[in-house]
Amino acid sequence: MKYLDEYRDGELARQLAREIRRVTTQPWNIMEVCGGQTHAIVKFGIDELLPKEITLIHGPGCPVCVTPLEMIDKALEIAARPEVIFASFGDMLRVPGSTTDLLSVKAQGGDVRMVYSPLDAVKLAERNPAKEIVFFGVGFETTAPATAMAVFQAAQKGIKNFSTLISHVLVPPAMEALMSSTNCRVQAFLAAGHVCAIMGYEEYLPLAAKYRVPIVVTGFEPMDILQGILMCVQQLESGRTEVENQYARAVRREGNQPAQQLVREVFCVVPRKWRGVGEIPASGLGLRSAYAAFDAEKRFGLTDHQVDEPADCLSGPVLQGLIKPHQCPVFGGKCTPEHPLGATMVSNEGACAAYYRYRRQNFSA
Amino acid sequence: MFDVGCWMFPVLRLMEINPACPLPIQQYPQVLMAHGGGGRLMHNLLEQVFGKAFSNPILDTRHDSAQFNVPPGKLAMTTDSYVVRPLFFPGGDIGSMAVHGTVNDLAMSGARPLYLSCAFIIEEGLPMETLWRVVCSMRAAALRCGVQIITGDTKVVDKGKGDGVFINTTGIGVIEHTLNITPQSVQPGDAVILSGDLGRHGMAIMAVREGLQFESTIESDSAPVRGPVRALIKAGTEVHCLRDLTRGGLASALNEIAEAARVKIAIEQRSVPIREEVHAACEMLGLDPLHVANEGRFVAFTTAKEAERALQLLRQHEVSANAAIIGKVVEKASPLVTLRSAIGASRILDMPSGEQLPRIC
């Protein structure tokens, strides 16, 4: 397939891996921020091509994984209401809250629909004027513009039966939280390419300078990831701490400015709790007061409540890159994709699910 | 309920059925509850629609059960229910699928299909024209497969309690070979041959159902596969196992066989044929084509030395013209399927855990 096969070429991959081996003289820990990158690394076996000195640490960039239990519980509560059509991206449907998941709510009679775009939810609202349509706004900077557009359009059209349950999160504050933690082992970052396609990469410059860490904006295909790793290692070996752009075919320094404008129009930056990590200041998006009418939490009068994660699930340390998925004692035993204890096992892009799906035989002995 | 007698096939093949809905059914543009109520309306429906389309001597006896003779040999029997939405999709429809799917299950035993039963559960309000189109499509598919529909049943359920129409078909076929085609016959060293490109049916349905538009229309691969299977058996190929790839795709089928045969199977990603448009659609939605449903594809396990000959035989049939050897059975071991990726690393090829869900970004 054009624009894809050339980024999955076996011979090119081996050449890049040889080059990484050639320039590596000492151990380095590199974090890939995005779950999509984790998935590609494990699926294609990219880490198997690397020299033993390079350790990849899987970052917190899986939006399904970091959506807090409390927020999923709120989604379940809204979705179960008889007057509601609850619209969500597909991979949120299976994520368990503290009691059940959206697919089970659907099985019990809730009207839960999978949509590919938040704008489809707006169309649902127009077609079902007697129903309340609620869209579950989840994801990083990548999906935030589409949610913003949905809210913006609903406001323009005066659609009253549409609202959103917002749980959007921002990547740079999470990277900063990781870097400022005392047990941080990360020495370089592969930044999430699609987030940067929207946001550009200027906001990473102060991070790289403050924490003296190389940051390479990286794509999602095997060639992208290997090249991103090579660029990180070259910086680390030569003592440079710069922001570089491996994913130039999709990312510009300034990003997608109309999308950013729309996000700024509809959203403001708020503190946000990350599942497994805790609350991170200024790490989320919330609706501006001008768009408060589209806030499902307010519309349905939901209140905050504290929910505890299952005690034996170590998805927190996994999300922070402190342990590998298979080092969790319940990995593959009590916790599997069919019976997940934590969201890192539910989402396809969660590190635990990727390890279970693609290489559990390596850990069963 | 309708019974069927033995179709006089060569005669019927020449008789064209009027594609327009037959009278007096036209007086009822939609299926009513009364069409399943046992009275005159139901009688008319059975006579004018099912009886007319599937007519043959066994059906025409109108008895409570079909009576038929079978040739000598072991019999194979299978059943499947079809609940696809939309009822008509690029490359097929629920009617042809309900015949192909069941006939294909029989073919996986190397059986020659003889008879089908078919049961319709119809949602009140289904346009009669739609039902007629489905029935005509079943008739054409049955003719193509050389199988006779010899008994059936019709129920009508309340509006909102069905999805237009559900169809169940049960098939009986005769096994006229001495091979033991089962997962347990799979041996280390066997070659794994895939009969064609993957994922077309699942992606065709998803594209129509979700209103996804791609540059070109993806057509379902729904088709009977009896032809190439018969060719393998007729040529004396030592076939150890056959498995059609429906829900769960190639990944589920291989895992089921690995489990049943207690073997490790290794697949080469680059050998697995996938059409460009299917590949692109899967990439966009974050789906794995190896998990996506097919309706006209199967895998064959043969001895390594016969693999090339089997491949050439398969490629002579349109439905399996793109057949490829995609891997082999490595050893007797804890059940495992591995896939060597495009860049040369090996990983587990797992069954999907549940419904395939497109990812966020």
# chains A, B, ... in the order shown; residues from 1 in each chain; ligands from 1
$ interface_residues --of "chain A" --to "chain B" --cutoff "9 Å" --atoms "only C-alpha atoms" --output "number ranges by chain"
A: 1-2, 5, 8-14, 36, 42-46, 48-49, 63-64, 89-94, 114-116, 138-139, 142-143, 194, 222, 337-338, 347-349, 356-361
$ select_by_dssp --residues "stretch 59-233 of chain A" --states "strand (DSSP E)" --output "PyMOL selection string"
chain A and resi 59-61+84-88+111-114+132-139+162-168+188-192+215-218
$ atom_distance --atom1 "atom CA of B:Pro72" --atom2 "atom CA of B:Val99"
23.8 Å
$ residues_around --residues "A:Glu265" --least-positions-apart "3" --cutoff "8 Å" --atoms "only C-alpha atoms" --output "list in words"
Gln261, Leu262 and Arg288 of chain A
$ write_last_selection --atoms "N, CA, C and O atoms" --output "short mmCIF file (atom, residue, chain, number, x, y, z; two decimals), in the first residue's frame"
data_model
loop_
_atom_site.label_atom_id
_atom_site.label_comp_id
_atom_site.auth_asym_id
_atom_site.auth_seq_id
_atom_site.Cartn_x
_atom_site.Cartn_y
_atom_site.Cartn_z
N GLN A 261 -7.09 27.07 17.17
CA GLN A 261 -8.00 28.20 17.45
C GLN A 261 -9.35 27.71 17.92
O GLN A 261 -9.94 28.24 18.86
N LEU A 262 -9.84 26.68 17.25
CA LEU A 262 -11.15 26.12 17.60
C LEU A 262 -11.12 25.55 19.01
O LEU A 262 -12.06 25.74 19.79
N ARG A 288 -15.38 26.03 28.10
CA ARG A 288 -15.42 27.41 28.57
C ARG A 288 -16.84 27.74 29.03
O ARG A 288 -17.81 27.11 28.58
#
$ residues_around --residues "stretch 76-82 of chain B" --least-positions-apart "6" --cutoff "12 Å" --atoms "only C-alpha atoms" --output "ChimeraX atom specification"
/B:70,93-121,163-176,181,246-247,295
